[in-house]
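A.B. asks: One structure, pasted below without further comment.
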Amino acid sequence: MVNWRDQTSVLALLLGLLLATLYLRTNVPSFLTVTASITFVFQLMLAGTVIAILRNEAGMSTFGVFGPAILAFAWVEVGPLWGFLMIAYPFVVTVTARTTLTGLDLGTPHRVAALLVITGIAVFTMQAVGQVRGIPSLNAVLLFPIILTTWYAERFVESVVETGWAPASRRLTFTLVGVVAAALVAGADPIVSFVSQNPESWVGLAAINIFLGAGTNIRLGEYLRFRRLTRSLGDDASGILTMRTRNRDFISRYNPAPLMSGFTKVKMKRLLHGLDIPTPETFMLLDDESGLERFDSFLEEHDRFVVKPADGSGGRGVLVVRGRAGSDGAFTTNRGELTREEVVSHARNICVGGNGDYGARNSAIVEAVVDPDGLLASRVESGVPDLRVIVLQGIPIMAMSRLPTVESKGTANIHTGAVAVAVDIASGTASGGYQQTRNAFVDTHPDTGASLEFRIPNWESVLQTASRASIASGFGYTGVDIVFDADRGPMVLEVNRRPGLGIQNANMDGLLRRLRFAESRADDVQFVTAHERVRRAMWWAEQGWEATESENPPAQPRKQEVRQ
């Protein structure tokens, strides 16, 4: 919780704003006249607050705060019917155009510019119809809502390609719900009049956003997401880690912002290779045209590799090439059959900003394909299963195996349908799975019917790999993703700096309880090896992450030196 006694600067800011508004009320004769002429300012204040509450307190994922607030203002200006048409019409036009252009290698700048031209034509047509038919509302087309709608359509199509229809549609739906809710509040004349005529309420809106933003520890969406876990834990439900607590107490504390902003997958790969921590072989790094030319030559002799953005997340932009499709030289990939030119185009699109900010340059990593080990691979229909280990200061805290499904399109992403299987830190034993998209616990894989009860071999060694990778990264709180290759064994695929919370549902236990236990003993492990940190974590897991008379594992016997 935030200690407000220590936030004197924030309280001073609010007090200063209050004094300023009192001055306006008592010393500016034209105060009410001015507020009546710029009511849109207060409508935007209200709309932004509504969107923020829906995002932070309700847990709804929308396309930002500014955008939905501006769209809500447009609805208020032209009315709900024409406001909906103003958003829906250019959105449908842009989505149609964006889908049509998907197969062309336009590059991000020209693709976006083409969409703006096409949407501009559509908007002009709307205004022309309004003039010819005498529909004043169609002539009230606003610039920013049109631009925002075009951008939303572009991102929606990109999200569908990368994560599938369900997550993209859910975010779009939440955005529309937010726009409607904000428009209802911002369009209510009594509320707007009260706010505009009472400057003290302006400070109240600022205070509401500050105090809710700092004081909300669990969102409504998290209540729903963890409702089964909450009922199961009963009085121990306070041990569930929420996003707010994760960000404030662990990411902000253990993963400092300068390190977060300056650390990339490329640096991580260099560290792993340099420290001999197993990771898929890196073939090349692409970041300019000369690199793309080398990549084109690389394709002549290679047909099994992965291309992914150096700063991507959630599987976005990842292209897995698994061989040749036929005599025409096409490649078999996770995105269907692609020609050599299309593979190079995908890499170029990453480098010129296709998977990041518009116009921003990026890098693409080309690395070896993982041939999944039979233990996990035999349980899925396709894709590469992996293991996610949450690590705090080199101490493994909680683990799960993520098994791809048909629903997840072969990716190990639990948000798109992969099955999360709890793995016991003490023994490496897996027992039963949880499918987040269906909010259901399963005993067998939904596609193959394979049992979800198994044990990962050489478990202590696997945890040591995760611990070493986390320590090497420099981050104190991480999610280490490990894949099991048929030839090379366990390898670190990625060190995630913002690991998600779904692992708690899979394990039916709270992360926060374990993290606090490990934190209280951090001083004892900060100067010991990864091997010893893992031994202690396994022992603590055996004890249920609770204080006992003997909190450390028995000392291992020293190996006797053999004299010749």
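By convention in this document, the chains of the structure tokens carry letters A, B, ... by their order, each chain's residues are numbered from 1, and ligands are numbered from 1 in the order they are shown.
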Counting only C-alpha atoms, which residues of stretch 431-466 of chain A fall within 8 Å of stretch 515-538 of chain A, and what is the closest atom pair for each with its distance in Å at one decimal, ordered by chain and rising number, as JSON lines?
C.D. replies:
```
{"residue": "A:Glu460", "atom": "CA", "partner": "A:Val534", "partner_atom": "CA", "distance": 7.1}
{"residue": "A:Leu463", "atom": "CA", "partner": "A:Val534", "partner_atom": "CA", "distance": 6.5}
{"residue": "A:Gln464", "atom": "CA", "partner": "A:His531", "partner_atom": "CA", "distance": 5.8}
```
A.B. asks: Between stretch 327-419 of chain A and stretch 159-179 of chain A, at 9 Å or less, what are the per-residue closest atom pairs and their distances in Å? Count only C-alpha atoms, order by chain and rising residue number, and return it as JSON lines.
C.D. replies:
```
{"residue": "A:Ser408", "atom": "CA", "partner": "A:Gly164", "partner_atom": "CA", "distance": 8.2}
{"residue": "A:Lys409", "atom": "CA", "partner": "A:Gly164", "partner_atom": "CA", "distance": 8.4}
{"residue": "A:His415", "atom": "CA", "partner": "A:Pro167", "partner_atom": "CA", "distance": 7.8}
{"residue": "A:Thr416", "atom": "CA", "partner": "A:Thr163", "partner_atom": "CA", "distance": 6.8}
```
A.B. asks: Please list as a PyMOL selection string every residue within 8 Å of A:Asp311, counting only C-alpha atoms and excluding residues in the same chain fewer than 5 positions away.
C.D. replies: chain A and resi 264-265+362-363
A.B. asks: For N, CA and C atoms, I'd like the residues from the last selection saved as a compact mmCIF listing (two decimals), in the first residue's frame.
C.D. replies:
```txt
# COMPACT_ATOMS: atom_id res chain seq x y z
N THR A 264 17.80 -5.79 -24.33
CA THR A 264 17.04 -6.38 -25.44
C THR A 264 17.30 -7.88 -25.51
N LYS A 265 16.54 -8.55 -26.35
CA LYS A 265 16.75 -9.98 -26.55
C LYS A 265 18.14 -10.24 -27.14
N ASN A 362 14.02 -1.63 -36.11
CA ASN A 362 14.10 -2.73 -35.17
C ASN A 362 15.15 -3.70 -35.68
N SER A 363 15.38 -4.73 -34.91
CA SER A 363 16.30 -5.79 -35.34
C SER A 363 15.56 -7.11 -35.32
```
A.B. asks: Which residues come within 9 Å of A:Ile53, counting only C-alpha atoms, excluding same-chain residues fewer than 4 positions away, as an NGL selection string?
C.D. replies: :A and (48-49 or 57-59 or 209 or 212-213)
A.B. asks: If I take atom CA of A:Val65 and atom CA of A:Met45, how far is one from the other in Å, to one decimal?
C.D. replies: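 Answer for the atom CA of A:Val65 to atom CA of A:Met45 separation: 11.2 Å.
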A.B. asks: Could you list, as a PDB file with N, CA and C atoms, in the first residue's frame, every residue within 9 Å of stretch 374-382 of chain A, counting only C-alpha atoms and ignoring same-chain residues fewer than 4 positions away?
C.D. replies:
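Result went into result-v7.pdb, see below:
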```pdb
ATOM      1  N   ASP A 386       6.830 -25.489 -23.659  1.00  0.00           N
ATOM      2  CA  ASP A 386       7.942 -24.929 -22.892  1.00  0.00           C
ATOM      3  C   ASP A 386       7.635 -24.961 -21.410  1.00  0.00           C
ATOM      4  N   SER A 401       4.349 -25.832 -17.062  1.00  0.00           N
ATOM      5  CA  SER A 401       4.633 -26.192 -18.446  1.00  0.00           C
ATOM      6  C   SER A 401       3.479 -25.683 -19.304  1.00  0.00           C
ATOM      7  N   LEU A 403       1.572 -26.090 -22.808  1.00  0.00           N
ATOM      8  CA  LEU A 403       1.406 -27.017 -23.921  1.00  0.00           C
ATOM      9  C   LEU A 403       0.520 -26.403 -25.003  1.00  0.00           C
ATOM     10  N   PRO A 404       1.052 -26.227 -26.213  1.00  0.00           N
ATOM     11  CA  PRO A 404       0.260 -25.648 -27.302  1.00  0.00           C
ATOM     12  C   PRO A 404      -0.965 -26.496 -27.628  1.00  0.00           C
ATOM     13  N   THR A 405      -1.971 -25.860 -28.197  1.00  0.00           N
ATOM     14  CA  THR A 405      -3.197 -26.530 -28.637  1.00  0.00           C
ATOM     15  C   THR A 405      -3.558 -26.043 -30.029  1.00  0.00           C
ATOM     16  N   VAL A 406      -4.557 -26.681 -30.605  1.00  0.00           N
ATOM     17  CA  VAL A 406      -5.083 -26.207 -31.890  1.00  0.00           C
ATOM     18  C   VAL A 406      -5.642 -24.806 -31.719  1.00  0.00           C
ATOM     19  N   LYS A 409      -3.153 -22.177 -31.871  1.00  0.00           N
ATOM     20  CA  LYS A 409      -2.447 -22.197 -33.165  1.00  0.00           C
ATOM     21  C   LYS A 409      -1.001 -22.641 -33.012  1.00  0.00           C
ATOM     22  N   GLY A 410      -0.769 -23.595 -32.112  1.00  0.00           N
ATOM     23  CA  GLY A 410       0.560 -24.153 -31.949  1.00  0.00           C
ATOM     24  C   GLY A 410       1.513 -23.324 -31.130  1.00  0.00           C
ATOM     25  N   THR A 411       1.037 -22.229 -30.531  1.00  0.00           N
ATOM     26  CA  THR A 411       1.911 -21.405 -29.691  1.00  0.00           C
ATOM     27  C   THR A 411       1.722 -21.778 -28.229  1.00  0.00           C
ATOM     28  N   THR A 444      -6.415 -34.183 -19.175  1.00  0.00           N
ATOM     29  CA  THR A 444      -5.772 -34.630 -20.409  1.00  0.00           C
ATOM     30  C   THR A 444      -5.695 -33.472 -21.385  1.00  0.00           C
ATOM     31  N   HIS A 445      -4.786 -33.579 -22.346  1.00  0.00           N
ATOM     32  CA  HIS A 445      -4.649 -32.533 -23.356  1.00  0.00           C
ATOM     33  C   HIS A 445      -5.906 -32.499 -24.222  1.00  0.00           C
ATOM     34  N   PRO A 446      -6.492 -31.325 -24.469  1.00  0.00           N
ATOM     35  CA  PRO A 446      -7.767 -31.242 -25.194  1.00  0.00           C
ATOM     36  C   PRO A 446      -7.716 -31.749 -26.631  1.00  0.00           C
ATOM     37  N   ASP A 447      -6.534 -31.793 -27.259  1.00  0.00           N
ATOM     38  CA  ASP A 447      -6.428 -32.243 -28.646  1.00  0.00           C
ATOM     39  C   ASP A 447      -6.000 -33.697 -28.750  1.00  0.00           C
ATOM     40  N   THR A 448      -5.036 -34.088 -27.963  1.00  0.00           N
ATOM     41  CA  THR A 448      -4.454 -35.431 -28.098  1.00  0.00           C
ATOM     42  C   THR A 448      -4.962 -36.423 -27.059  1.00  0.00           C
ATOM     43  N   GLY A 449      -5.560 -35.926 -25.991  1.00  0.00           N
ATOM     44  CA  GLY A 449      -6.015 -36.817 -24.926  1.00  0.00           C
ATOM     45  C   GLY A 449      -4.884 -37.344 -24.061  1.00  0.00           C
ATOM     46  N   ALA A 450      -3.668 -36.830 -24.248  1.00  0.00           N
ATOM     47  CA  ALA A 450      -2.520 -37.305 -23.474  1.00  0.00           C
ATOM     48  C   ALA A 450      -2.637 -36.891 -22.012  1.00  0.00           C
ATOM     49  N   SER A 451      -2.137 -37.719 -21.137  1.00  0.00           N
ATOM     50  CA  SER A 451      -2.172 -37.433 -19.707  1.00  0.00           C
ATOM     51  C   SER A 451      -1.308 -36.217 -19.390  1.00  0.00           C
ATOM     52  N   LEU A 452      -1.767 -35.434 -18.428  1.00  0.00           N
ATOM     53  CA  LEU A 452      -1.014 -34.267 -17.992  1.00  0.00           C
ATOM     54  C   LEU A 452      -0.306 -34.520 -16.673  1.00  0.00           C
ATOM     55  N   PHE A 454       3.077 -36.099 -15.369  1.00  0.00           N
ATOM     56  CA  PHE A 454       4.397 -36.562 -15.798  1.00  0.00           C
ATOM     57  C   PHE A 454       5.437 -35.920 -14.889  1.00  0.00           C
ATOM     58  N   ARG A 455       6.669 -36.306 -15.069  1.00  0.00           N
ATOM     59  CA  ARG A 455       7.754 -35.744 -14.264  1.00  0.00           C
ATOM     60  C   ARG A 455       8.906 -35.341 -15.181  1.00  0.00           C
ATOM     61  N   ILE A 456       9.377 -34.143 -15.015  1.00  0.00           N
ATOM     62  CA  ILE A 456      10.473 -33.636 -15.844  1.00  0.00           C
ATOM     63  C   ILE A 456      11.793 -34.180 -15.307  1.00  0.00           C
ATOM     64  N   PHE A 484      12.717 -27.764 -24.329  1.00  0.00           N
ATOM     65  CA  PHE A 484      13.451 -29.030 -24.224  1.00  0.00           C
ATOM     66  C   PHE A 484      13.710 -29.567 -25.632  1.00  0.00           C
ATOM     67  N   ASP A 485      14.967 -29.472 -26.051  1.00  0.00           N
ATOM     68  CA  ASP A 485      15.353 -29.912 -27.386  1.00  0.00           C
ATOM     69  C   ASP A 485      15.722 -31.396 -27.350  1.00  0.00           C
ATOM     70  N   ALA A 486      15.345 -32.115 -28.418  1.00  0.00           N
ATOM     71  CA  ALA A 486      15.580 -33.560 -28.456  1.00  0.00           C
ATOM     72  C   ALA A 486      17.058 -33.901 -28.372  1.00  0.00           C
TER      73      ALA A 486
END
```
A.B. asks: Quick one: of A:Gly234, A:Gly544, A:Gly204, A:Pro90, who's nearest to A:Ile425, counting only C-alpha atoms?
C.D. replies: A:Gly544
A.B. asks: So how far away is atom CA of A:Val10 from atom CA of A:Arg248, in Å?
C.D. replies: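 Answer for the atom CA of A:Arg248 to atom CA of A:Val10 separation: 17.6 Å.
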A.B. asks: Counting only C-alpha atoms, which residue out of A:Val306, A:Phe475, A:Arg468, A:Thr150 sits closest to A:Pro256?
C.D. replies: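 Among the listed residues, the smallest separation from A:Pro256 belongs to A:Phe475.
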A.B. asks: My list of candidates is A:Val352, A:Ile38, A:Val95, A:Leu116. Which is closest to A:Ala153 when distances are computed with only C-alpha atoms?
C.D. replies: A:Val95
A.B. asks: Tell me which protein, DNA and RNA residues are within 12 Å of A:Asp249, counting only C-alpha atoms, leaving out same-chain ones fewer than 4 positions away, and put them as a PyMOL selection string.
C.D. replies: chain A and resi 1-2+217+241-245+253-256+392+476-477+512+515-516+519
A.B. asks: Which residue gives the smallest distance to A:Gln504 among A:Ala206, A:Ala555, A:Ala310, A:Leu233, with only C-alpha atoms counted?
C.D. replies: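 Comparing A:Ala206, A:Ala555, A:Ala310, A:Leu233 against A:Gln504, the winner is A:Leu233.
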A.B. asks: Hey, what does DSSP flag as strand (DSSP E) within stretch 179-384 of chain A? Can you give it to me as a PDB file with N, CA and C atoms, in the first residue's frame?
C.D. replies:
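Listing of result-v9.pdb after writing:
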```
ATOM      1  N   THR A 282      22.198 -18.952 -32.427  1.00  0.00           N
ATOM      2  CA  THR A 282      21.856 -17.733 -33.141  1.00  0.00           C
ATOM      3  C   THR A 282      22.636 -17.675 -34.446  1.00  0.00           C
ATOM      4  N   PHE A 283      21.913 -17.606 -35.579  1.00  0.00           N
ATOM      5  CA  PHE A 283      22.573 -17.606 -36.887  1.00  0.00           C
ATOM      6  C   PHE A 283      23.026 -16.215 -37.295  1.00  0.00           C
ATOM      7  N   MET A 284      22.154 -15.222 -37.099  1.00  0.00           N
ATOM      8  CA  MET A 284      22.512 -13.867 -37.507  1.00  0.00           C
ATOM      9  C   MET A 284      21.549 -12.855 -36.905  1.00  0.00           C
ATOM     10  N   LEU A 285      21.980 -11.600 -36.931  1.00  0.00           N
ATOM     11  CA  LEU A 285      21.163 -10.479 -36.487  1.00  0.00           C
ATOM     12  C   LEU A 285      20.936  -9.563 -37.680  1.00  0.00           C
ATOM     13  N   LEU A 286      19.684  -9.220 -37.944  1.00  0.00           N
ATOM     14  CA  LEU A 286      19.337  -8.392 -39.098  1.00  0.00           C
ATOM     15  C   LEU A 286      18.865  -7.026 -38.626  1.00  0.00           C
ATOM     16  N   PHE A 305      14.689 -22.610 -39.420  1.00  0.00           N
ATOM     17  CA  PHE A 305      15.157 -21.501 -38.595  1.00  0.00           C
ATOM     18  C   PHE A 305      13.934 -20.724 -38.097  1.00  0.00           C
ATOM     19  N   VAL A 306      14.205 -19.800 -37.178  1.00  0.00           N
ATOM     20  CA  VAL A 306      13.164 -18.928 -36.621  1.00  0.00           C
ATOM     21  C   VAL A 306      13.586 -17.484 -36.822  1.00  0.00           C
ATOM     22  N   VAL A 307      12.650 -16.637 -37.255  1.00  0.00           N
ATOM     23  CA  VAL A 307      12.892 -15.200 -37.365  1.00  0.00           C
ATOM     24  C   VAL A 307      11.946 -14.511 -36.380  1.00  0.00           C
ATOM     25  N   LYS A 308      12.513 -13.668 -35.500  1.00  0.00           N
ATOM     26  CA  LYS A 308      11.656 -12.997 -34.520  1.00  0.00           C
ATOM     27  C   LYS A 308      12.201 -11.609 -34.208  1.00  0.00           C
ATOM     28  N   PRO A 309      11.325 -10.683 -33.799  1.00  0.00           N
ATOM     29  CA  PRO A 309      11.771  -9.333 -33.451  1.00  0.00           C
ATOM     30  C   PRO A 309      12.645  -9.350 -32.203  1.00  0.00           C
ATOM     31  N   LEU A 319       8.281 -15.944 -36.892  1.00  0.00           N
ATOM     32  CA  LEU A 319       8.095 -16.803 -38.059  1.00  0.00           C
ATOM     33  C   LEU A 319       8.950 -18.051 -37.865  1.00  0.00           C
ATOM     34  N   VAL A 320       8.310 -19.209 -37.850  1.00  0.00           N
ATOM     35  CA  VAL A 320       9.008 -20.484 -37.689  1.00  0.00           C
ATOM     36  C   VAL A 320       9.021 -21.202 -39.026  1.00  0.00           C
ATOM     37  N   VAL A 321      10.202 -21.412 -39.575  1.00  0.00           N
ATOM     38  CA  VAL A 321      10.369 -22.092 -40.869  1.00  0.00           C
ATOM     39  C   VAL A 321      10.863 -23.507 -40.590  1.00  0.00           C
ATOM     40  N   ARG A 322      10.096 -24.505 -41.056  1.00  0.00           N
ATOM     41  CA  ARG A 322      10.403 -25.898 -40.706  1.00  0.00           C
ATOM     42  C   ARG A 322      10.811 -26.766 -41.902  1.00  0.00           C
ATOM     43  N   GLY A 323      10.973 -26.183 -43.072  1.00  0.00           N
ATOM     44  CA  GLY A 323      11.415 -26.975 -44.208  1.00  0.00           C
ATOM     45  C   GLY A 323      10.871 -26.448 -45.518  1.00  0.00           C
ATOM     46  N   ARG A 324      11.194 -27.179 -46.592  1.00  0.00           N
ATOM     47  CA  ARG A 324      10.699 -26.819 -47.920  1.00  0.00           C
ATOM     48  C   ARG A 324       9.340 -27.455 -48.158  1.00  0.00           C
ATOM     49  N   PHE A 331       8.633 -22.344 -48.562  1.00  0.00           N
ATOM     50  CA  PHE A 331       8.950 -22.816 -47.216  1.00  0.00           C
ATOM     51  C   PHE A 331       7.676 -23.159 -46.460  1.00  0.00           C
ATOM     52  N   THR A 332       7.756 -24.182 -45.629  1.00  0.00           N
ATOM     53  CA  THR A 332       6.667 -24.521 -44.718  1.00  0.00           C
ATOM     54  C   THR A 332       6.879 -23.750 -43.428  1.00  0.00           C
ATOM     55  N   THR A 333       5.917 -22.917 -43.038  1.00  0.00           N
ATOM     56  CA  THR A 333       6.058 -22.070 -41.855  1.00  0.00           C
ATOM     57  C   THR A 333       4.795 -22.126 -40.999  1.00  0.00           C
ATOM     58  N   GLY A 336       1.750 -20.700 -42.838  1.00  0.00           N
ATOM     59  CA  GLY A 336       1.428 -21.282 -44.136  1.00  0.00           C
ATOM     60  C   GLY A 336       2.643 -21.319 -45.048  1.00  0.00           C
ATOM     61  N   GLU A 337       2.444 -21.714 -46.278  1.00  0.00           N
ATOM     62  CA  GLU A 337       3.545 -21.767 -47.240  1.00  0.00           C
ATOM     63  C   GLU A 337       3.927 -20.353 -47.676  1.00  0.00           C
ATOM     64  N   LEU A 338       5.239 -20.062 -47.601  1.00  0.00           N
ATOM     65  CA  LEU A 338       5.741 -18.755 -47.998  1.00  0.00           C
ATOM     66  C   LEU A 338       6.883 -18.918 -48.979  1.00  0.00           C
ATOM     67  N   ALA A 364      15.990  -8.015 -36.195  1.00  0.00           N
ATOM     68  CA  ALA A 364      15.419  -9.355 -36.235  1.00  0.00           C
ATOM     69  C   ALA A 364      16.500 -10.365 -35.909  1.00  0.00           C
ATOM     70  N   ILE A 365      16.135 -11.343 -35.086  1.00  0.00           N
ATOM     71  CA  ILE A 365      17.053 -12.422 -34.726  1.00  0.00           C
ATOM     72  C   ILE A 365      16.700 -13.657 -35.531  1.00  0.00           C
ATOM     73  N   VAL A 366      17.699 -14.278 -36.122  1.00  0.00           N
ATOM     74  CA  VAL A 366      17.508 -15.538 -36.837  1.00  0.00           C
ATOM     75  C   VAL A 366      18.210 -16.619 -36.021  1.00  0.00           C
ATOM     76  N   GLU A 367      17.446 -17.572 -35.523  1.00  0.00           N
ATOM     77  CA  GLU A 367      18.023 -18.594 -34.658  1.00  0.00           C
ATOM     78  C   GLU A 367      17.531 -19.977 -35.046  1.00  0.00           C
TER      79      GLU A 367
END
```
A.B. asks: Name the closest residue to A:Gly187 among the candidates A:Glu77, A:Asp424, A:Glu154, A:Glu453; distances are taken between atoms, counting only C-alpha atoms.
C.D. replies: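 Closest candidate: A:Glu77.
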A.B. asks: I need the residue nearest A:Arg514 from this list: A:Asn334, A:Ser9, A:Asn198, A:Ser238. Use only C-alpha atoms for the distance.
C.D. replies: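 Using only C-alpha atoms, A:Arg514 sits closest to A:Ser238.
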A.B. asks: Atom CA of A:Gly474 to atom CA of A:Leu271: how many Å, to one decimal?
C.D. replies: 10.4 Å
A.B. asks: Per DSSP on the backbone, filter stretch 60-296 of chain A down to the residues in alpha helix (DSSP H) and report them as an MDAnalysis selection string.
C.D. replies: chainID A and resid 66:78 80:100 108:133 143:163 165:186 189:197 200:215 220:225 227:233 243:245 252:254 257:262 265:274 289:296
